[in-house]
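Below is the file final_33.txt, which contains compact mmCIF, C-alpha atoms and all ligand atoms.
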```txt
# COMPACT_ATOMS: atom_id res chain seq x y z
CA MET A 46 16.19 -0.30 -2.33
CA GLN A 47 15.92 -0.05 -6.11
CA ILE A 48 13.24 -1.63 -8.29
CA ASP A 49 13.59 -1.70 -12.08
CA LEU A 50 10.39 -1.82 -14.12
CA GLY A 51 11.65 -1.61 -17.70
CA THR A 52 11.96 2.08 -18.55
CA LEU A 53 11.10 3.12 -14.98
CA ARG A 54 13.50 3.15 -12.08
CA LEU A 55 11.91 3.11 -8.63
CA ASP A 56 13.67 3.84 -5.36
CA LEU A 57 12.05 2.95 -2.06
CA LEU A 58 13.02 5.67 0.41
CA ASP A 59 13.04 5.04 4.17
CA ASP A 60 11.96 8.14 6.12
CA GLY A 61 12.93 6.68 9.53
CA LEU A 62 11.09 5.08 12.43
CA PHE A 63 8.49 6.34 14.85
CA GLU A 64 6.52 4.79 17.69
CA LEU A 65 2.81 4.09 18.12
CA ARG A 66 0.88 2.90 21.14
CA PRO A 67 -0.06 -0.80 20.93
CA GLU A 68 -3.75 0.07 21.22
CA THR A 69 -3.43 1.91 17.88
CA PHE A 70 -3.31 -1.50 16.20
CA VAL A 71 -6.74 -3.09 15.88
CA LYS A 72 -6.97 -6.89 15.57
CA VAL A 73 -3.49 -7.29 14.12
CA THR A 74 -1.77 -10.62 13.68
CA LYS A 75 -0.50 -11.58 17.15
CA SER A 76 3.03 -12.61 16.20
CA TRP A 77 3.53 -9.37 14.32
CA ASN A 78 2.41 -7.30 17.27
CA THR A 79 4.71 -8.89 19.86
CA GLU A 80 7.64 -9.02 17.47
CA LEU A 81 7.69 -5.25 17.16
CA LEU A 82 6.69 -4.33 20.68
CA SER A 83 9.53 -2.37 22.18
CA LYS A 84 9.81 -0.73 25.58
CA GLY A 85 9.82 2.75 24.07
CA ARG A 86 10.91 5.57 26.32
CA HIS A 87 8.18 5.28 28.94
CA HIS A 88 5.54 2.80 27.85
CA PRO A 89 5.22 -0.12 25.46
CA ARG A 90 5.37 1.18 21.92
CA ILE A 91 5.32 -0.37 18.48
CA LYS A 92 8.00 0.86 16.14
CA VAL A 93 6.79 1.56 12.63
CA GLY A 94 8.60 2.77 9.54
CA PHE A 95 7.68 5.05 6.71
CA ASN A 96 8.41 4.17 3.10
CA SER A 97 8.18 6.67 0.24
CA LEU A 98 8.55 5.91 -3.43
CA LEU A 99 10.59 7.81 -6.03
CA ILE A 100 9.89 7.06 -9.69
CA ARG A 101 12.20 8.21 -12.47
CA GLY A 102 11.75 7.46 -16.15
CA GLU A 103 9.82 8.38 -19.29
CA GLY A 104 11.11 11.94 -18.78
CA LYS A 105 9.40 12.31 -15.39
CA THR A 106 10.35 12.44 -11.73
CA VAL A 107 7.47 11.51 -9.44
CA LEU A 108 7.28 11.11 -5.66
CA ILE A 109 4.61 9.07 -3.90
CA ASP A 110 3.98 10.14 -0.26
CA PRO A 111 7.26 11.99 0.44
CA GLY A 112 6.95 11.57 4.23
CA THR A 113 7.22 13.93 7.19
CA GLY A 114 9.73 16.44 5.81
CA ASP A 115 11.83 19.02 7.65
CA LYS A 116 9.41 21.36 9.42
CA GLU A 117 9.99 21.36 13.18
CA ARG A 118 7.19 19.02 14.31
CA MET A 119 7.84 19.36 18.04
CA ALA A 120 4.45 17.95 19.06
CA GLU A 121 4.76 14.87 16.84
CA ARG A 122 8.39 14.32 17.83
CA ARG A 123 7.34 14.21 21.47
CA GLU A 124 4.25 12.10 20.94
CA TYR A 125 5.70 9.56 18.50
CA ASN A 126 9.44 9.67 19.27
CA LEU A 127 10.21 10.28 15.59
CA ASP A 128 13.69 9.50 14.30
CA TRP A 129 14.99 13.00 13.62
CA PRO A 130 15.91 14.44 11.16
CA ARG A 131 13.69 12.55 8.77
CA LYS A 132 15.49 10.84 5.92
CA VAL A 133 13.64 11.20 2.61
CA LEU A 134 14.83 14.72 1.70
CA PRO A 135 18.53 13.88 2.36
CA GLN A 136 18.13 10.64 0.39
CA LEU A 137 16.78 12.54 -2.60
CA ARG A 138 19.91 14.72 -2.51
CA GLN A 139 22.12 11.62 -2.36
CA LEU A 140 20.32 10.21 -5.38
CA GLY A 141 20.98 13.43 -7.30
CA VAL A 142 17.35 14.55 -7.31
CA ARG A 143 17.07 18.32 -6.84
CA ARG A 144 13.85 19.78 -5.48
CA GLU A 145 13.15 21.51 -8.78
CA ASP A 146 13.52 18.19 -10.63
CA VAL A 147 10.30 16.76 -9.16
CA ASP A 148 7.44 17.04 -11.67
CA MET A 149 4.67 15.45 -9.65
CA ILE A 150 3.82 14.30 -6.14
CA VAL A 151 1.02 11.81 -5.63
CA LEU A 152 -0.37 11.74 -2.09
CA THR A 153 -2.40 8.79 -0.89
CA HIS A 154 -3.86 11.14 1.76
CA LEU A 155 -2.94 14.25 3.74
CA HIS A 156 -1.89 12.89 7.16
CA TRP A 157 1.30 14.61 8.39
CA ASP A 158 3.51 11.50 8.20
CA HIS A 159 2.67 11.04 4.50
CA ALA A 160 2.32 14.62 3.24
CA GLY A 161 4.41 16.83 5.58
CA ALA A 162 7.40 16.95 3.22
CA CYS A 163 5.35 18.78 0.57
CA THR A 164 6.01 22.06 2.36
CA THR A 165 9.05 23.56 4.06
CA VAL A 166 10.12 26.76 5.82
CA GLY A 167 11.56 29.32 3.40
CA TYR A 168 14.31 31.91 4.02
CA ALA A 169 11.95 34.53 5.41
CA GLY A 170 10.20 32.03 7.68
CA GLN A 171 7.24 31.56 5.35
CA ILE A 172 5.91 28.07 4.66
CA GLU A 173 6.20 27.26 0.97
CA PRO A 174 6.12 24.28 -1.40
CA THR A 175 9.25 22.14 -1.00
CA PHE A 176 9.26 21.08 -4.64
CA PRO A 177 8.66 24.31 -6.58
CA ARG A 178 7.65 22.75 -9.92
CA ALA A 179 5.63 19.80 -8.68
CA ARG A 180 1.93 19.36 -9.22
CA VAL A 181 0.42 17.61 -6.20
CA VAL A 182 -2.22 15.00 -6.99
CA ILE A 183 -4.85 14.06 -4.41
CA GLN A 184 -8.53 13.19 -4.34
CA ARG A 185 -10.75 16.25 -3.96
CA ARG A 186 -12.54 14.35 -1.16
CA GLU A 187 -9.29 14.20 0.79
CA LEU A 188 -8.74 17.96 0.75
CA ASP A 189 -12.35 18.57 1.77
CA GLY A 190 -12.17 15.85 4.44
CA ALA A 191 -8.86 17.15 5.85
CA ARG A 192 -10.23 20.67 6.22
CA GLN A 193 -13.32 19.38 7.96
CA ALA A 194 -11.33 17.06 10.24
CA LEU A 195 -9.00 19.91 11.22
CA ALA A 196 -11.96 22.10 12.07
CA GLU A 197 -13.10 19.27 14.36
CA GLY A 198 -9.69 19.05 16.08
CA ASP A 199 -8.24 15.95 14.35
CA ASP A 200 -4.45 16.02 14.93
CA GLY A 201 -3.70 13.59 12.09
CA TYR A 202 -3.72 16.60 9.78
CA CYS A 203 -1.71 19.80 9.86
CA ALA A 204 -2.83 22.81 7.81
CA ASP A 205 0.80 23.86 7.17
CA ASP A 206 1.31 20.65 5.19
CA PHE A 207 -1.29 21.44 2.55
CA GLU A 208 -2.84 24.92 2.72
CA PRO A 209 0.32 26.57 1.27
CA LEU A 210 0.00 24.16 -1.68
CA ALA A 211 -3.63 25.10 -2.16
CA ALA A 212 -2.74 28.81 -1.93
CA ALA A 213 0.01 28.38 -4.54
CA GLY A 214 -2.35 26.53 -6.90
CA LYS A 215 -0.29 23.33 -6.79
CA PHE A 216 -3.09 20.82 -6.31
CA GLU A 217 -4.53 18.68 -9.05
CA LEU A 218 -7.73 17.43 -7.45
CA LEU A 219 -9.06 14.10 -8.70
CA GLU A 220 -12.82 13.80 -8.99
CA ARG A 221 -13.15 10.20 -10.13
CA ASP A 222 -12.35 6.99 -8.23
CA ASP A 223 -9.88 5.76 -10.85
CA GLU A 224 -7.51 8.04 -12.74
CA GLN A 225 -4.75 7.17 -15.20
CA LEU A 226 -2.12 9.90 -14.73
CA PHE A 227 0.39 8.39 -17.19
CA PRO A 228 0.25 5.06 -19.04
CA TRP A 229 2.41 3.71 -16.20
CA LEU A 230 0.82 5.48 -13.21
CA SER A 231 -2.71 5.31 -11.85
CA CYS A 232 -4.60 6.30 -8.68
CA HIS A 233 -7.58 4.48 -7.18
CA TRP A 234 -9.80 5.85 -4.43
CA SER A 235 -10.12 3.53 -1.42
CA GLY A 236 -11.47 5.69 1.42
CA GLY A 237 -11.46 3.84 4.76
CA HIS A 238 -8.39 5.20 6.52
CA SER A 239 -9.36 8.74 5.53
CA PRO A 240 -12.22 10.09 3.35
CA GLY A 241 -10.15 10.55 0.20
CA HIS A 242 -7.47 7.91 0.71
CA GLN A 243 -6.25 6.45 -2.60
CA ILE A 244 -3.81 3.74 -3.58
CA VAL A 245 -1.24 4.09 -6.38
CA ARG A 246 -0.18 1.59 -9.04
CA VAL A 247 3.05 1.95 -11.01
CA GLY A 248 4.24 0.11 -14.12
CA TYR A 249 2.90 -1.18 -17.40
CA PRO A 250 0.30 -3.96 -17.43
CA GLU A 251 2.57 -6.22 -19.49
CA THR A 252 5.37 -6.13 -16.89
CA VAL A 253 5.33 -6.44 -13.12
CA ARG A 254 3.48 -3.57 -11.46
CA VAL A 255 3.99 -2.06 -8.05
CA SER A 256 1.02 -1.50 -5.71
CA TYR A 257 1.56 1.27 -3.18
CA LEU A 258 -1.36 0.40 -0.91
CA SER A 259 -0.45 2.94 1.78
CA ASP A 260 -2.75 2.68 4.82
CA VAL A 261 -5.01 0.11 3.14
CA LEU A 262 -2.27 -2.39 4.15
CA PRO A 263 0.28 -0.47 6.26
CA THR A 264 2.15 -3.58 7.50
CA THR A 265 1.62 -7.34 7.32
CA GLY A 266 0.05 -7.08 10.80
CA GLN A 267 -3.11 -5.89 9.04
CA LEU A 268 -3.50 -8.78 6.56
CA ALA A 269 -6.80 -9.87 8.15
CA LEU A 270 -9.66 -7.97 6.52
CA ASP A 271 -11.11 -6.80 9.85
CA SER A 272 -7.79 -5.52 11.23
CA GLY A 273 -6.60 -1.94 10.98
CA MET A 274 -5.54 1.12 12.93
CA SER A 275 -7.45 3.14 15.49
CA TYR A 276 -6.99 6.13 13.14
CA ASP A 277 -9.08 4.47 10.43
CA GLN A 278 -11.92 6.82 9.86
CA ASN A 279 -14.36 4.30 8.35
CA PRO A 280 -13.50 0.66 9.24
CA GLY A 281 -16.32 -0.81 7.12
CA GLU A 282 -15.16 1.08 4.05
CA LEU A 283 -11.56 0.09 4.80
CA ARG A 284 -12.50 -3.59 4.91
CA CYS A 285 -14.05 -3.36 1.43
CA ALA A 286 -11.03 -1.48 0.10
CA LYS A 287 -8.63 -4.04 1.57
CA GLU A 288 -10.48 -6.92 -0.03
CA LYS A 289 -10.69 -5.16 -3.40
CA PHE A 290 -7.08 -3.97 -3.69
CA MET A 291 -5.44 -7.00 -2.07
CA LYS A 292 -7.36 -9.26 -4.49
CA ILE A 293 -6.14 -7.21 -7.46
CA ALA A 294 -2.54 -7.19 -6.21
CA ALA A 295 -2.67 -10.97 -5.62
CA ARG A 296 -4.30 -11.70 -8.99
CA ASP A 297 -1.84 -9.58 -10.97
CA GLN A 298 1.15 -10.50 -8.78
CA ASP A 299 1.99 -6.86 -8.09
CA LEU A 300 5.02 -6.10 -5.97
CA VAL A 301 3.38 -4.65 -2.83
CA ILE A 302 4.98 -1.88 -0.79
CA LEU A 303 4.12 -1.77 2.93
CA VAL A 304 4.14 1.91 3.85
CA HIS A 305 4.67 1.51 7.61
CA ALA A 306 6.81 -1.64 7.72
CA PRO A 307 10.03 -0.92 9.63
CA ARG A 308 11.89 -3.64 7.69
CA ASN A 309 10.86 -6.28 5.10
CA ARG A 310 9.07 -3.54 3.23
CA THR A 311 8.05 -5.30 0.00
CA GLY A 312 6.58 -8.61 -1.12
CA PHE A 313 3.81 -10.44 -2.92
CA LEU A 314 0.27 -11.17 -1.80
CA SER A 315 -1.59 -14.40 -2.44
CA GLU A 316 -5.17 -15.26 -1.57
CA ILE A 317 -5.19 -18.63 0.17
CA GLU A 318 -8.94 -18.70 0.68
CA SER A 319 -11.58 -16.18 -0.21
CA GLY A 320 -10.76 -13.09 1.84
CA GLU A 321 -7.72 -14.68 3.50
CA PHE A 322 -4.33 -13.48 2.35
CA LYS A 323 -0.71 -14.49 2.77
CA PHE A 324 2.32 -12.26 2.23
CA ALA A 325 5.70 -13.44 0.92
CA TYR A 326 8.48 -10.93 1.62
CA THR A 327 11.11 -10.14 -0.96
CA ASN A 328 14.59 -9.22 0.27
CA SER A 329 14.58 -5.55 1.22
ZN ZN B 401 -0.02 6.17 7.46
```
How does the structure come out when it is put into structure tokens?
Amino acid sequence: MQIDLGTLRLDLLDDGLFELRPETFVKVTKSWNTELLSKGRHHPRIKVGFNSLLIRGEGKTVLIDPGTGDKERMAERREYNLDWPRKVLPQLRQLGVRREDVDMIVLTHLHWDHAGACTTVGYAGQIEPTFPRARVVIQRRELDGARQALAEGDDGYCADDFEPLAAAGKFELLERDDEQLFPWLSCHWSGGHSPGHQIVRVGYPETVRVSYLSDVLPTTGQLALDSGMSYDQNPGELRCAKEKFMKIAARDQDLVILVHAPRNRTGFLSEIESGEFKFAYTNS
């Protein structure tokens, strides 16, 4: 799916489906839950998608959350029945984007399904940056939090996804909550799902903007402020972040991207009552 924002061309890239246990979803909208419940291989599972964003324009090529990537991932493939191979890297090739063309990657956080594609296995078996020229922008709190979580045995993170980037000096670590990277690209710390989780906004204020809310609003199943995922590290913080960023997206009529929606991946939010939101899908 292609989105044109004046001088910027955006492509929404589908990385393929995977499956989560129903108990992963906390207080989701009932109809959403049952609609996506599938038998899975052995047990009930909910199929979720993964949606990355490619931005080209103003002389830049930027990727937001490039997805799982092409490292082997045997444990995750077993646990989550990942569609394999993942699709973002082949789609970039189809769109004529070479790995060396990418100037910047913005990561909302470092979980493997969002950040795995940042590294790949090189010719000699070494793990190296997938996009050799790209600076990788994250919150400093996320790198610190990921290292701490890994030390405590959290399997949402994988050191191979980000330590080679740190070793190669690729990270640009954001210290402040709100950072304007380009006049048309900004990052905003949310926390909640992970310590340094941030959302990304694309576009100029005078035109329609895109809100990439990532795991602040992964699907429309989590529209209620108290709903979320069992992986959410700080549910209270997440609730505040949801209210804040959904209000902004509704007020400014941003086109919202749902990172884990398996279909119907974009739309517009409106606030029907204080703290109660509705989502109108666009065709995608
Ligand atoms: Zn996620």
Next item on the list: Show which residues sit within 7 Å of A:Arg178, as number ranges by chain. Count all atoms listed in the file, and ignore same-chain residues fewer than 4 positions away.
Entry: A: 145, 147-148
Note to self: So that I can check the surroundings of stretch 186-201 of chain A, please list as number ranges by chain every protein, DNA and RNA residue that reaches within 8 Å of it, counting only C-alpha atoms and ignoring chain neighbours fewer than 4 positions away.
What the structure shows: A: 154-157, 220, 239-242
Prev. selection, C-alpha atoms, output as a PDB file, in the frame of the given file:
```pdb
ATOM      1  CA  HIS A 154      -3.860  11.140   1.760  1.00  0.00           C
ATOM      2  CA  LEU A 155      -2.940  14.250   3.740  1.00  0.00           C
ATOM      3  CA  HIS A 156      -1.890  12.890   7.160  1.00  0.00           C
ATOM      4  CA  TRP A 157       1.300  14.610   8.390  1.00  0.00           C
ATOM      5  CA  GLU A 220     -12.820  13.800  -8.990  1.00  0.00           C
ATOM      6  CA  SER A 239      -9.360   8.740   5.530  1.00  0.00           C
ATOM      7  CA  PRO A 240     -12.220  10.090   3.350  1.00  0.00           C
ATOM      8  CA  GLY A 241     -10.150  10.550   0.200  1.00  0.00           C
ATOM      9  CA  HIS A 242      -7.470   7.910   0.710  1.00  0.00           C
TER      10      HIS A 242
END
```
Next item on the list: Can you pull out every residue within 6 Å of stretch 305-307 of chain A, counting all atoms listed in the file, but drop anything in the same chain fewer than 5 positions away, and send it as an NGL selection string?
Entry: :A and (93-95 or 263-264)
Next item on the list: Up to 12 Å from (-10.1, 6.6, -2.4) in the file's coordinates: name the residues, counting only C-alpha atoms, as a PyMOL selection string.
Entry: chain A and resi 152-154+183-188+190+219-224+232-245+258-261+279+282-283+285-287+289-290
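Atom CA of A:Val182 lies 23.5 Å from atom CA of A:Val253.
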Checklist line | Distance criterion (all atoms listed in the file): nearest to A:Thr165 out of A:Leu134, A:Leu314, A:Leu262, A:Ala295 | finding: A:Leu134
